[in-house]
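Asks: Got a structure for you, questions after.
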Amino acid sequence: MTEPWRALTKAGVPTAVVDLDRFDANAAGMLRRSGGMPIRVASKSIRVRSLIERALSFKCYQGVLGYSVAEAIWLVRNGIDDVVVAYPTVDEESVRTVAADPTLAAAITFMVDLPEHIDWLARFAQDVPLRVSIDVDCSLRLVALSIGAHRSSVHTADEAGRLAAHAAATPGLALVGMMFYEAQVAGVPDNKAGMRIVKKLSLDQLTRDRGAIRSAVEEHASLEFVNGGGTGSLHTTHLDPAITELAAGSGLFSPASFDGFDDLRVEPAAWFVSPVTRKPRADVVVTFSGGYLASGAADRSRLPTPTHPSGLSYFLQEGAGEVQSPLRGKAARDLELGDLVWFRHAKAGEMCERFDEIVLISDGQVTGRVPTYRGEGKNFG
């Protein structure tokens, strides 16, 4: 593929860029890794409505895994007819809006993992039942040790069955799905110390347990979907007969945090560029702004990665700055004021919360600009 830096050579301010050729190739690569199982698009990893729609145009990409009820309402009102909200909510205003609109109630699924979630949602149900899905904890549990995301209170088949019974017996709700997200498999690079062992143990546990947990829930409801996996685990999760669909989004952009995975079959497709505004010495340049750190435990892996020209690095005592980012290295010698440095964000969709629009490129040329969620005046948290 054509190198993306050819497409954009001047920008007075930091600018986000997505290469559509790479985006499309990543979508195809993820589908190959999924074995053709449907993939639900994780919107938090994109946060650009037109790019979510582009992903959904590919074969076997079906529905959205959202992160906010307000976001789900907005997406449905803009033509997307299937949104599962991946996280429980206490947003009363948005839930009331869904409950009062039969179209929204039929298209949006709420996530639950506590009886309190179920009871609270039921207070707002009207003519069309509110759709709910049970989120099951997928952390690796070794006696007293838990490795993975601290999310759901549902760990076992008995716990899932009791929650499903409660949901099924609650008027105004319809239990339609389940979600299993193995964060320690799908979201942590293989090259981190001990992770290949953790992932093998996790997959052994999940393969053993997921079917029994699903069966316990299906004693109380007929499920439309059982969602699982993420970009880093498509190739393993699709093999589990308990799973009916996958979820992924980060692989479409392929941010820096995914570089350490084995056989991911995706290429970087998203960057931001920033112009050189200072050159205090021959081997040092300063770019404008750029302190766009990613979420998670704070360390240097959360910094944007200077990518082009290669050979630039941060000063340890400064890192990426609020309004300027000093960089050093041999490559700085060939940079002048106004030249662009290309960076990769550590996460995927989080980059888009910093920009109103994305510059689209294809075959080494700028082909258009599209608004991010932020550019459409939306901030869902």
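By convention here, the chains of the structure tokens are called A, B, ... in the order presented, each chain's residues are numbered starting at 1, and ligands are numbered starting at 1 in the order presented.
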So that I can check the surroundings of A:Arg54, please list as a ChimeraX atom specification every protein, DNA and RNA residue that reaches within 10 Å of it, counting only C-alpha atoms and ignoring chain neighbours fewer than 6 positions away.

Replies: /A:20,23-24,27,48,61

Asks: Write the selection just made, keeping all heavy atoms, as a compact mmCIF listing (two decimals), in the first residue's frame?

Replies:
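Resulting contents of part.txt:
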# COMPACT_ATOMS: atom_id res chain seq x y z
N LEU A 20 -8.18 4.90 4.32
CA LEU A 20 -9.32 4.02 4.03
C LEU A 20 -8.88 2.69 3.43
O LEU A 20 -9.54 1.66 3.66
CB LEU A 20 -10.29 4.72 3.09
CG LEU A 20 -11.01 5.94 3.66
CD1 LEU A 20 -11.91 6.57 2.60
CD2 LEU A 20 -11.84 5.56 4.89
N PHE A 23 -7.89 0.71 6.42
CA PHE A 23 -9.10 0.45 7.20
C PHE A 23 -9.87 -0.72 6.59
O PHE A 23 -10.26 -1.67 7.29
CB PHE A 23 -9.96 1.72 7.23
CG PHE A 23 -11.22 1.63 8.02
CD1 PHE A 23 -11.27 2.08 9.34
CD2 PHE A 23 -12.40 1.15 7.45
CE1 PHE A 23 -12.46 2.02 10.07
CE2 PHE A 23 -13.59 1.09 8.18
CZ PHE A 23 -13.61 1.53 9.50
N ASP A 24 -10.07 -0.68 5.27
CA ASP A 24 -10.80 -1.74 4.59
C ASP A 24 -10.05 -3.07 4.65
O ASP A 24 -10.65 -4.13 4.84
CB ASP A 24 -11.05 -1.36 3.13
CG ASP A 24 -12.02 -0.19 2.99
OD1 ASP A 24 -12.63 0.22 4.00
OD2 ASP A 24 -12.15 0.33 1.85
N ALA A 27 -10.51 -4.54 8.03
CA ALA A 27 -11.84 -5.14 8.17
C ALA A 27 -11.86 -6.54 7.56
O ALA A 27 -12.42 -7.48 8.14
CB ALA A 27 -12.90 -4.25 7.52
N VAL A 48 -16.47 7.63 15.05
CA VAL A 48 -16.73 8.38 13.82
C VAL A 48 -17.90 7.67 13.15
O VAL A 48 -17.77 6.52 12.71
CB VAL A 48 -15.51 8.39 12.88
CG1 VAL A 48 -15.82 9.19 11.61
CG2 VAL A 48 -14.28 8.94 13.58
N TYR A 61 -20.29 -8.00 9.10
CA TYR A 61 -20.27 -7.00 10.17
C TYR A 61 -21.73 -6.61 10.43
O TYR A 61 -22.39 -6.03 9.56
CB TYR A 61 -19.43 -5.79 9.78
CG TYR A 61 -17.95 -6.04 9.90
CD1 TYR A 61 -17.26 -6.72 8.89
CD2 TYR A 61 -17.24 -5.62 11.02
CE1 TYR A 61 -15.89 -6.96 9.00
CE2 TYR A 61 -15.88 -5.85 11.13
CZ TYR A 61 -15.21 -6.53 10.13
OH TYR A 61 -13.86 -6.78 10.24

Asks: Could you please write out, as a ChimeraX atom specification, every residue of stretch 155-377 of chain A that DSSP assigns to alpha helix (DSSP H)?

Replies: /A:157-168,183-186,195-218,234-237,250-253

Asks: Restricting the calculation to only C-alpha atoms: of A:Thr287, A:Thr367, A:Thr236, A:Ser202, which residue gets closest to A:Leu337?

Replies: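 Counting only C-alpha atoms, the residue closest to A:Leu337 is A:Thr287.
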
Asks: For A:Asp82, list every protein, DNA or RNA residue within 9 Å, evaluated using only C-alpha atoms, and leave out those in the same chain fewer than 6 positions away; present the list as a PDB file with N, CA, C and O atoms, in the first residue's frame.

Replies:
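In the end it all went to result_6.pdb:
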ATOM      1  N   GLN A  62     -22.208  -6.939  11.611  1.00  0.00           N
ATOM      2  CA  GLN A  62     -23.643  -6.790  11.894  1.00  0.00           C
ATOM      3  C   GLN A  62     -23.851  -6.180  13.276  1.00  0.00           C
ATOM      4  O   GLN A  62     -23.460  -6.770  14.276  1.00  0.00           O
ATOM      5  N   GLY A  63     -24.466  -5.017  13.313  1.00  0.00           N
ATOM      6  CA  GLY A  63     -24.813  -4.384  14.577  1.00  0.00           C
ATOM      7  C   GLY A  63     -23.643  -3.671  15.225  1.00  0.00           C
ATOM      8  O   GLY A  63     -22.488  -3.801  14.814  1.00  0.00           O
ATOM      9  N   VAL A  64     -23.977  -2.883  16.248  1.00  0.00           N
ATOM     10  CA  VAL A  64     -22.995  -2.066  16.959  1.00  0.00           C
ATOM     11  C   VAL A  64     -22.969  -2.466  18.427  1.00  0.00           C
ATOM     12  O   VAL A  64     -24.019  -2.744  19.021  1.00  0.00           O
ATOM     13  N   LEU A  65     -21.793  -2.521  18.996  1.00  0.00           N
ATOM     14  CA  LEU A  65     -21.619  -2.647  20.440  1.00  0.00           C
ATOM     15  C   LEU A  65     -21.262  -1.258  20.947  1.00  0.00           C
ATOM     16  O   LEU A  65     -20.140  -0.788  20.778  1.00  0.00           O
ATOM     17  N   ALA A  72     -26.437   5.200  21.776  1.00  0.00           N
ATOM     18  CA  ALA A  72     -27.280   4.236  21.071  1.00  0.00           C
ATOM     19  C   ALA A  72     -28.510   4.912  20.467  1.00  0.00           C
ATOM     20  O   ALA A  72     -28.892   4.632  19.319  1.00  0.00           O
ATOM     21  N   VAL A  76     -29.278   4.958  16.441  1.00  0.00           N
ATOM     22  CA  VAL A  76     -30.514   4.407  15.889  1.00  0.00           C
ATOM     23  C   VAL A  76     -31.278   5.475  15.117  1.00  0.00           C
ATOM     24  O   VAL A  76     -31.814   5.214  14.025  1.00  0.00           O
ATOM     25  N   ALA A 106     -37.041  -1.390  20.357  1.00  0.00           N
ATOM     26  CA  ALA A 106     -36.829  -2.607  19.567  1.00  0.00           C
ATOM     27  C   ALA A 106     -35.391  -2.735  19.066  1.00  0.00           C
ATOM     28  O   ALA A 106     -34.958  -3.832  18.687  1.00  0.00           O
ATOM     29  N   ALA A 107     -34.653  -1.632  19.053  1.00  0.00           N
ATOM     30  CA  ALA A 107     -33.320  -1.630  18.453  1.00  0.00           C
ATOM     31  C   ALA A 107     -32.182  -1.624  19.465  1.00  0.00           C
ATOM     32  O   ALA A 107     -31.038  -1.928  19.111  1.00  0.00           O
ATOM     33  N   ILE A 108     -32.463  -1.258  20.715  1.00  0.00           N
ATOM     34  CA  ILE A 108     -31.410  -1.055  21.714  1.00  0.00           C
ATOM     35  C   ILE A 108     -31.516  -2.115  22.808  1.00  0.00           C
ATOM     36  O   ILE A 108     -32.605  -2.386  23.326  1.00  0.00           O
ATOM     37  N   THR A 109     -30.375  -2.700  23.151  1.00  0.00           N
ATOM     38  CA  THR A 109     -30.307  -3.712  24.206  1.00  0.00           C
ATOM     39  C   THR A 109     -29.456  -3.190  25.355  1.00  0.00           C
ATOM     40  O   THR A 109     -28.346  -2.689  25.130  1.00  0.00           O
TER      41      THR A 109
END

Asks: Please tabulate, as JSON lines, the residues of stretch 98-122 of chain A that come within 8 Å of stretch 164-171 of chain A, each with its closest pair of atoms and the distance in Å to one decimal, counting only C-alpha atoms and ordering rows by chain, then residue number upward.

Replies:
{"residue": "A:Pro115", "atom": "CA", "partner": "A:His166", "partner_atom": "CA", "distance": 7.1}
{"residue": "A:Ile118", "atom": "CA", "partner": "A:Ala167", "partner_atom": "CA", "distance": 6.3}
{"residue": "A:Asp119", "atom": "CA", "partner": "A:Thr170", "partner_atom": "CA", "distance": 7.7}
{"residue": "A:Ala122", "atom": "CA", "partner": "A:Pro171", "partner_atom": "CA", "distance": 7.0}

Asks: Could you please take those selected residues and save N, CA, C and O atoms as a short mmCIF file (atom, residue, chain, number, x, y, z; two decimals), in the first residue's frame?

Replies:
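Saved the output as selection-v5.cif:
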data_model
loop_
_atom_site.label_atom_id
_atom_site.label_comp_id
_atom_site.auth_asym_id
_atom_site.auth_seq_id
_atom_site.Cartn_x
_atom_site.Cartn_y
_atom_site.Cartn_z
N PRO A 115 -29.20 -7.91 39.97
CA PRO A 115 -30.67 -7.82 40.09
C PRO A 115 -31.12 -6.36 40.14
O PRO A 115 -32.20 -6.03 39.61
N ILE A 118 -31.77 -4.90 36.76
CA ILE A 118 -33.03 -5.38 36.20
C ILE A 118 -34.22 -4.63 36.81
O ILE A 118 -35.10 -4.14 36.09
N ASP A 119 -34.21 -4.53 38.12
CA ASP A 119 -35.33 -3.86 38.80
C ASP A 119 -35.41 -2.39 38.41
O ASP A 119 -36.51 -1.84 38.23
N ALA A 122 -36.78 -1.99 34.83
CA ALA A 122 -38.21 -2.36 34.74
C ALA A 122 -39.12 -1.20 35.14
O ALA A 122 -40.28 -1.13 34.69
#

Asks: So, counting only C-alpha atoms, which residue among A:Gly36, A:Pro371, A:Gly251, A:Pro88 is closest to A:Arg265?

Replies: A:Gly251

Asks: Would you please extract all strand (DSSP E) residues from stretch 246-356 of chain A, as assigned by DSSP on the backbone, and give them as number ranges by chain?

Replies: A: 246-248, 270-281, 284-288, 305-308, 313-314, 324-328, 340-344

Asks: Using only C-alpha atoms, can you tell me which of A:Phe180, A:Val85, A:Gln126, A:Leu264 comes closest to A:Arg32?

Replies: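 Nearest candidate to A:Arg32 out of A:Phe180, A:Val85, A:Gln126, A:Leu264: A:Leu264.
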
Asks: So how many Å separate atom CA of A:Ala25 and atom CA of A:Thr237, to one decimal?

Replies: 21.1 Å

Asks: Using only C-alpha atoms, pick whichever of A:Val18, A:Ala332, A:Leu8, A:Leu31 has the shortest atom-to-atom distance to A:Thr372.

Replies: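 Of A:Val18, A:Ala332, A:Leu8, A:Leu31, the one nearest A:Thr372, counting only C-alpha atoms, is A:Val18.
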
Asks: So that I can see what lies close to A:Lys199, please list as a list in words the residues with an atom at most 12 Å from it, counting only C-alpha atoms and leaving out residues fewer than 6 positions away in the same chain.

Replies: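 What passes the distance filter is Cys138, Ser139, Leu140, Ile147, Gly148, Glu182, Ala183, Gln184, Val185, Ala186, Gly187, Val188, Pro189, Asp190, Asn191, Lys192, Ala193, Gln205, Leu206, Thr207, Gly232, Ser233, Thr236, Thr237, Phe261 and Asp262 of chain A.
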
Asks: Output the selection as a short mmCIF file (atom, residue, chain, number, x, y, z; two decimals), in the first residue's frame - N, CA, C and O atoms for each residue.

Replies:
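Everything below was put into again.cif:
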data_model
loop_
_atom_site.label_atom_id
_atom_site.label_comp_id
_atom_site.auth_asym_id
_atom_site.auth_seq_id
_atom_site.Cartn_x
_atom_site.Cartn_y
_atom_site.Cartn_z
N CYS A 138 -15.37 -12.74 32.62
CA CYS A 138 -14.51 -13.70 31.93
C CYS A 138 -13.07 -13.64 32.42
O CYS A 138 -12.15 -14.12 31.74
N SER A 139 -12.85 -13.06 33.59
CA SER A 139 -11.48 -13.00 34.10
C SER A 139 -11.00 -14.41 34.45
O SER A 139 -11.79 -15.31 34.75
N LEU A 140 -9.69 -14.58 34.38
CA LEU A 140 -9.07 -15.84 34.76
C LEU A 140 -9.03 -15.90 36.29
O LEU A 140 -8.43 -15.05 36.93
N ILE A 147 -7.41 -12.41 37.15
CA ILE A 147 -6.66 -11.70 36.12
C ILE A 147 -7.63 -11.33 35.00
O ILE A 147 -8.18 -12.21 34.33
N GLY A 148 -7.82 -10.05 34.80
CA GLY A 148 -8.75 -9.59 33.76
C GLY A 148 -9.44 -8.32 34.22
O GLY A 148 -9.06 -7.71 35.21
N GLU A 182 -13.45 -11.41 27.19
CA GLU A 182 -12.23 -11.86 27.85
C GLU A 182 -11.12 -10.82 27.64
O GLU A 182 -10.25 -10.94 26.78
N ALA A 183 -11.14 -9.76 28.46
CA ALA A 183 -10.24 -8.63 28.27
C ALA A 183 -8.78 -9.04 28.30
O ALA A 183 -7.95 -8.50 27.55
N GLN A 184 -8.43 -9.98 29.16
CA GLN A 184 -7.02 -10.37 29.29
C GLN A 184 -6.53 -11.16 28.08
O GLN A 184 -5.33 -11.35 27.91
N VAL A 185 -7.44 -11.61 27.23
CA VAL A 185 -7.08 -12.30 25.99
C VAL A 185 -7.17 -11.35 24.81
O VAL A 185 -6.25 -11.25 23.99
N ALA A 186 -8.28 -10.63 24.73
CA ALA A 186 -8.55 -9.79 23.55
C ALA A 186 -7.82 -8.47 23.55
O ALA A 186 -7.57 -7.90 22.49
N GLY A 187 -7.47 -7.96 24.75
CA GLY A 187 -6.97 -6.59 24.81
C GLY A 187 -5.57 -6.40 25.33
O GLY A 187 -5.10 -5.26 25.42
N VAL A 188 -4.86 -7.49 25.67
CA VAL A 188 -3.50 -7.37 26.21
C VAL A 188 -2.53 -8.04 25.24
O VAL A 188 -2.72 -9.21 24.88
N PRO A 189 -1.47 -7.34 24.83
CA PRO A 189 -0.53 -7.90 23.84
C PRO A 189 0.13 -9.19 24.33
O PRO A 189 0.39 -9.37 25.52
N ASP A 190 0.41 -10.09 23.38
CA ASP A 190 1.05 -11.35 23.71
C ASP A 190 2.48 -11.18 24.21
O ASP A 190 2.99 -12.04 24.92
N ASN A 191 3.14 -10.08 23.81
CA ASN A 191 4.55 -9.93 24.17
C ASN A 191 4.78 -9.41 25.58
O ASN A 191 5.92 -9.22 26.00
N LYS A 192 3.70 -9.18 26.33
CA LYS A 192 3.86 -8.81 27.74
C LYS A 192 4.22 -10.06 28.54
O LYS A 192 3.72 -11.16 28.26
N ALA A 193 5.04 -9.88 29.54
CA ALA A 193 5.56 -11.01 30.32
C ALA A 193 4.43 -11.90 30.84
O ALA A 193 3.50 -11.44 31.49
N GLN A 205 -10.22 -22.21 30.46
CA GLN A 205 -11.31 -21.99 31.41
C GLN A 205 -12.59 -21.58 30.70
O GLN A 205 -13.68 -22.09 31.00
N LEU A 206 -12.46 -20.66 29.73
CA LEU A 206 -13.64 -20.17 29.02
C LEU A 206 -14.30 -21.26 28.19
O LEU A 206 -15.52 -21.38 28.16
N THR A 207 -13.49 -22.07 27.52
CA THR A 207 -14.04 -23.16 26.71
C THR A 207 -14.79 -24.15 27.59
O THR A 207 -15.82 -24.71 27.19
N GLY A 232 -8.25 -8.83 19.59
CA GLY A 232 -7.12 -9.72 19.85
C GLY A 232 -7.48 -11.18 20.04
O GLY A 232 -6.57 -12.01 20.19
N SER A 233 -8.77 -11.51 20.03
CA SER A 233 -9.15 -12.92 20.28
C SER A 233 -10.16 -13.46 19.27
O SER A 233 -10.78 -14.50 19.50
N THR A 236 -9.67 -17.14 18.26
CA THR A 236 -9.93 -18.20 19.25
C THR A 236 -11.39 -18.22 19.68
O THR A 236 -11.98 -19.29 19.83
N THR A 237 -11.99 -17.05 19.87
CA THR A 237 -13.36 -17.02 20.38
C THR A 237 -14.35 -17.61 19.40
O THR A 237 -15.33 -18.25 19.79
N PHE A 261 0.66 -8.08 19.60
CA PHE A 261 -0.13 -9.30 19.44
C PHE A 261 0.48 -10.23 18.39
O PHE A 261 1.08 -9.77 17.41
N ASP A 262 0.31 -11.52 18.58
CA ASP A 262 0.74 -12.50 17.59
C ASP A 262 -0.29 -12.59 16.47
O ASP A 262 -1.49 -12.69 16.73
#

Asks: Name the residues in contact with A:Ala282 at a cut-off of 8 Å, using only C-alpha atoms, excluding same-chain residues fewer than 3 positions from it; report them as a list in words.

Replies: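 Returned residues: Lys279, Val285, Ala332 and Arg333 of chain A.
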
Asks: A:Val226, A:Ser295, A:Phe380, A:Asp363: which is nearest A:Gly66, counting only C-alpha atoms?

Replies: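 Of A:Val226, A:Ser295, A:Phe380, A:Asp363, the one nearest A:Gly66, counting only C-alpha atoms, is A:Phe380.
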
Asks: Using only C-alpha atoms, can you tell me which of A:Val41, A:Leu51, A:Leu316, A:Val143 comes closest to A:Ile358?

Replies: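 With only C-alpha atoms as the atom set, the closest residue is A:Leu51.
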
Asks: List the neighbours of A:Arg40 out to 12 Å using only C-alpha atoms; skip same-chain residues closer than 4 positions along the sequence, and give me the result as a count of residues only.

Replies: 41

Asks: Identify, on the basis of only C-alpha atoms, every residue whose closest approach to A:Glu322 does not exceed 10 Å; exclude the query and any residue fewer than 2 positions from it along the same chain; express the result as a list in words.

Replies: Phe288, Ser289, Gly290, Gly291, Tyr292, Gly319, Ala320, Gln324 and Ser325 of chain A
